[in-house]
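Have a look at the structure below before the remarks.
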Amino acid sequence: QILVTRDPVYNHPAIRNGIIVGRQPPTYLPLAILMTICNPLLGPIALLFSILSNRAFNQGDLKFAEKWSQYAFLACMITIVASIIIYMAIGFSLSSIGLRGGHSY
């Protein structure tokens, strides 16, 4: 059993407004920043979800913090896959190697 207090002198970071919030879900902020650098079109979406997750936890809303955390992870994974596909398409279009592996002269 954990004691929950509203004492302003004892303000533990895991206790907000007299209720136990719990552990902060991962925000994936470093991954979202990396995805923003790799793909400036889709990366900011992951960055936004990561910031929203952190803000929701700081307001004491663990449910929405977990939701935004999952969205941030999903946006990061979609950005990784989209970036790989886009960069491979650019690489194939700029190279002289065709899809069948032959060289065009």
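For the structure tokens, the naming scheme is as follows: chains receive sequential letters (A, B, ...) according to their order of presentation, residues are indexed from 1 within each chain, and ligands are indexed from 1 in presentation order.
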
Could you name the residues that touch segment 73-89 of chain A at 8 Å or less, counting only C-alpha atoms, but leaving out those on the same chain fewer than 2 positions away, as an MDAnalysis selection string? chainID A and resid 28 31:32 35 38:39 42:43 45:46 69:71 91:93

Store the residues picked out above in a file with C-alpha atoms, as a PDB file, in the first residue's frame.
ATOM      1  CA  TYR A  28      10.566   8.219 -27.707  1.00  0.00           C
ATOM      2  CA  LEU A  31      13.985   8.634 -31.802  1.00  0.00           C
ATOM      3  CA  ALA A  32      11.464  11.269 -32.889  1.00  0.00           C
ATOM      4  CA  MET A  35      13.304  10.763 -37.527  1.00  0.00           C
ATOM      5  CA  CYS A  38      16.009  11.799 -41.511  1.00  0.00           C
ATOM      6  CA  ASN A  39      12.594  12.652 -42.925  1.00  0.00           C
ATOM      7  CA  LEU A  42       6.894  12.771 -41.496  1.00  0.00           C
ATOM      8  CA  GLY A  43       9.327  13.190 -38.593  1.00  0.00           C
ATOM      9  CA  ILE A  45       4.469  14.154 -36.541  1.00  0.00           C
ATOM     10  CA  ALA A  46       6.375  11.717 -34.321  1.00  0.00           C
ATOM     11  CA  SER A  69       3.471   7.452 -26.422  1.00  0.00           C
ATOM     12  CA  GLN A  70       2.102   4.616 -28.545  1.00  0.00           C
ATOM     13  CA  TYR A  71       1.262   7.054 -31.335  1.00  0.00           C
ATOM     14  CA  GLY A  91      18.764   5.716 -55.293  1.00  0.00           C
ATOM     15  CA  PHE A  92      17.334   3.510 -58.036  1.00  0.00           C
ATOM     16  CA  SER A  93      16.207   6.483 -60.080  1.00  0.00           C
TER      17      SER A  93
END

Within 12 Å of Glu66 of chain A using only C-alpha atoms, minus same-chain residues under 6 positions, as JSON, numbers by chain: {"A": [21, 22, 23, 24, 25, 26, 27, 28, 49, 50, 52, 53, 54, 55, 56, 57, 60, 72, 73]}

Export of the given selection (all heavy atoms) as a compact mmCIF listing (two decimals), in the first residue's frame:
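Result written to result.txt:
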# COMPACT_ATOMS: atom_id res chain seq x y z
N VAL A 21 0.17 8.79 -10.03
CA VAL A 21 0.17 8.77 -11.48
C VAL A 21 0.85 7.52 -11.99
O VAL A 21 0.37 6.86 -12.89
CB VAL A 21 0.86 10.04 -12.03
CG1 VAL A 21 1.00 9.96 -13.53
CG2 VAL A 21 0.08 11.27 -11.66
N GLY A 22 1.95 7.16 -11.43
CA GLY A 22 2.68 5.99 -11.88
C GLY A 22 3.90 6.38 -12.69
O GLY A 22 4.29 7.54 -12.74
N ARG A 23 4.48 5.40 -13.34
CA ARG A 23 5.68 5.65 -14.13
C ARG A 23 5.32 6.33 -15.44
O ARG A 23 4.30 6.04 -16.04
CB ARG A 23 6.41 4.36 -14.43
CG ARG A 23 7.06 3.77 -13.24
CD ARG A 23 7.91 2.63 -13.67
NE ARG A 23 8.86 2.35 -12.61
CZ ARG A 23 9.76 1.42 -12.67
NH1 ARG A 23 9.86 0.68 -13.76
NH2 ARG A 23 10.58 1.22 -11.68
N GLN A 24 6.23 7.17 -15.88
CA GLN A 24 6.03 7.84 -17.16
C GLN A 24 6.29 6.86 -18.29
O GLN A 24 7.31 6.18 -18.32
CB GLN A 24 6.97 9.03 -17.29
CG GLN A 24 6.80 9.79 -18.59
CD GLN A 24 7.65 11.03 -18.65
OE1 GLN A 24 8.48 11.27 -17.79
NE2 GLN A 24 7.45 11.82 -19.67
N PRO A 25 5.37 6.78 -19.24
CA PRO A 25 5.61 5.91 -20.40
C PRO A 25 6.74 6.50 -21.24
O PRO A 25 7.00 7.70 -21.20
CB PRO A 25 4.28 5.94 -21.15
CG PRO A 25 3.60 7.17 -20.71
CD PRO A 25 4.08 7.43 -19.31
N PRO A 26 7.42 5.67 -22.02
CA PRO A 26 8.51 6.21 -22.84
C PRO A 26 7.95 7.20 -23.86
O PRO A 26 6.92 6.94 -24.49
CB PRO A 26 9.08 4.97 -23.53
CG PRO A 26 8.02 3.94 -23.43
CD PRO A 26 7.23 4.25 -22.20
N THR A 27 8.64 8.32 -24.02
CA THR A 27 8.17 9.34 -24.96
C THR A 27 8.79 9.19 -26.34
O THR A 27 8.31 9.79 -27.28
CB THR A 27 8.48 10.74 -24.43
OG1 THR A 27 9.89 10.86 -24.25
CG2 THR A 27 7.75 11.01 -23.13
N TYR A 28 9.86 8.43 -26.45
CA TYR A 28 10.57 8.22 -27.71
C TYR A 28 11.03 9.54 -28.31
O TYR A 28 11.08 9.69 -29.54
CB TYR A 28 9.70 7.45 -28.71
CG TYR A 28 9.23 6.13 -28.19
CD1 TYR A 28 7.91 5.94 -27.79
CD2 TYR A 28 10.10 5.06 -28.07
CE1 TYR A 28 7.47 4.73 -27.30
CE2 TYR A 28 9.68 3.84 -27.58
CZ TYR A 28 8.36 3.68 -27.20
OH TYR A 28 7.94 2.48 -26.71
N PHE A 49 3.77 13.94 -31.30
CA PHE A 49 3.19 12.93 -30.41
C PHE A 49 4.05 12.72 -29.18
O PHE A 49 3.55 12.52 -28.07
CB PHE A 49 2.99 11.62 -31.15
CG PHE A 49 1.87 11.63 -32.15
CD1 PHE A 49 1.94 10.85 -33.28
CD2 PHE A 49 0.75 12.43 -31.97
CE1 PHE A 49 0.92 10.85 -34.21
CE2 PHE A 49 -0.27 12.44 -32.89
CZ PHE A 49 -0.19 11.65 -34.02
N SER A 50 5.36 12.77 -29.34
CA SER A 50 6.27 12.60 -28.21
C SER A 50 6.12 13.74 -27.21
O SER A 50 6.08 13.52 -26.00
CB SER A 50 7.70 12.53 -28.73
OG SER A 50 8.60 12.45 -27.69
N LEU A 52 3.45 15.64 -26.86
CA LEU A 52 2.12 15.52 -26.26
C LEU A 52 2.10 14.47 -25.16
O LEU A 52 1.40 14.64 -24.14
CB LEU A 52 1.08 15.21 -27.32
CG LEU A 52 0.71 16.34 -28.27
CD1 LEU A 52 -0.24 15.86 -29.34
CD2 LEU A 52 0.11 17.50 -27.50
N SER A 53 2.85 13.39 -25.34
CA SER A 53 2.93 12.36 -24.30
C SER A 53 3.58 12.90 -23.04
O SER A 53 3.09 12.67 -21.93
CB SER A 53 3.73 11.16 -24.83
OG SER A 53 3.95 10.24 -23.79
N ASN A 54 4.65 13.64 -23.21
CA ASN A 54 5.33 14.23 -22.05
C ASN A 54 4.44 15.26 -21.36
O ASN A 54 4.36 15.30 -20.13
CB ASN A 54 6.64 14.87 -22.51
CG ASN A 54 7.53 15.22 -21.35
OD1 ASN A 54 7.37 14.69 -20.26
ND2 ASN A 54 8.46 16.11 -21.59
N ARG A 55 3.73 16.06 -22.13
CA ARG A 55 2.85 17.08 -21.56
C ARG A 55 1.68 16.44 -20.80
O ARG A 55 1.30 16.91 -19.73
CB ARG A 55 2.34 18.00 -22.67
CG ARG A 55 1.53 19.17 -22.14
CD ARG A 55 1.08 20.07 -23.24
NE ARG A 55 2.24 20.67 -23.90
CZ ARG A 55 2.17 21.32 -25.05
NH1 ARG A 55 1.03 21.42 -25.68
NH2 ARG A 55 3.25 21.84 -25.57
N ALA A 56 1.12 15.37 -21.36
CA ALA A 56 0.00 14.70 -20.69
C ALA A 56 0.45 14.10 -19.36
O ALA A 56 -0.29 14.15 -18.37
CB ALA A 56 -0.58 13.62 -21.59
N PHE A 57 1.65 13.52 -19.32
CA PHE A 57 2.13 12.96 -18.06
C PHE A 57 2.37 14.06 -17.03
O PHE A 57 2.06 13.89 -15.86
CB PHE A 57 3.42 12.17 -18.28
CG PHE A 57 3.96 11.58 -17.01
CD1 PHE A 57 3.38 10.45 -16.47
CD2 PHE A 57 5.01 12.17 -16.34
CE1 PHE A 57 3.86 9.91 -15.29
CE2 PHE A 57 5.50 11.64 -15.16
CZ PHE A 57 4.92 10.51 -14.63
N GLY A 60 -0.61 14.92 -15.27
CA GLY A 60 -1.16 13.86 -14.43
C GLY A 60 -2.09 12.91 -15.13
O GLY A 60 -2.78 12.13 -14.49
N ALA A 72 3.45 8.02 -30.84
CA ALA A 72 4.80 8.47 -31.18
C ALA A 72 5.63 7.31 -31.71
O ALA A 72 6.36 7.45 -32.71
CB ALA A 72 5.47 9.11 -29.97
N PHE A 73 5.54 6.15 -31.06
CA PHE A 73 6.28 4.98 -31.53
C PHE A 73 5.81 4.54 -32.91
O PHE A 73 6.62 4.24 -33.79
CB PHE A 73 6.14 3.83 -30.52
CG PHE A 73 6.92 2.61 -30.90
CD1 PHE A 73 8.29 2.59 -30.77
CD2 PHE A 73 6.28 1.49 -31.39
CE1 PHE A 73 9.02 1.47 -31.13
CE2 PHE A 73 6.99 0.37 -31.75
CZ PHE A 73 8.37 0.36 -31.61

For atom CA of Leu34 of chain A and atom CA of Leu47 of chain A, the interatomic separation in Å (one decimal): 9.3 Å

With only C-alpha atoms as the atoms that count, which of A:Ser96, A:Ile90, A:Leu29, A:Lys67 lies nearest to Leu48 of chain A?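 Distance minimum relative to Leu48 of chain A lands on A:Leu29.
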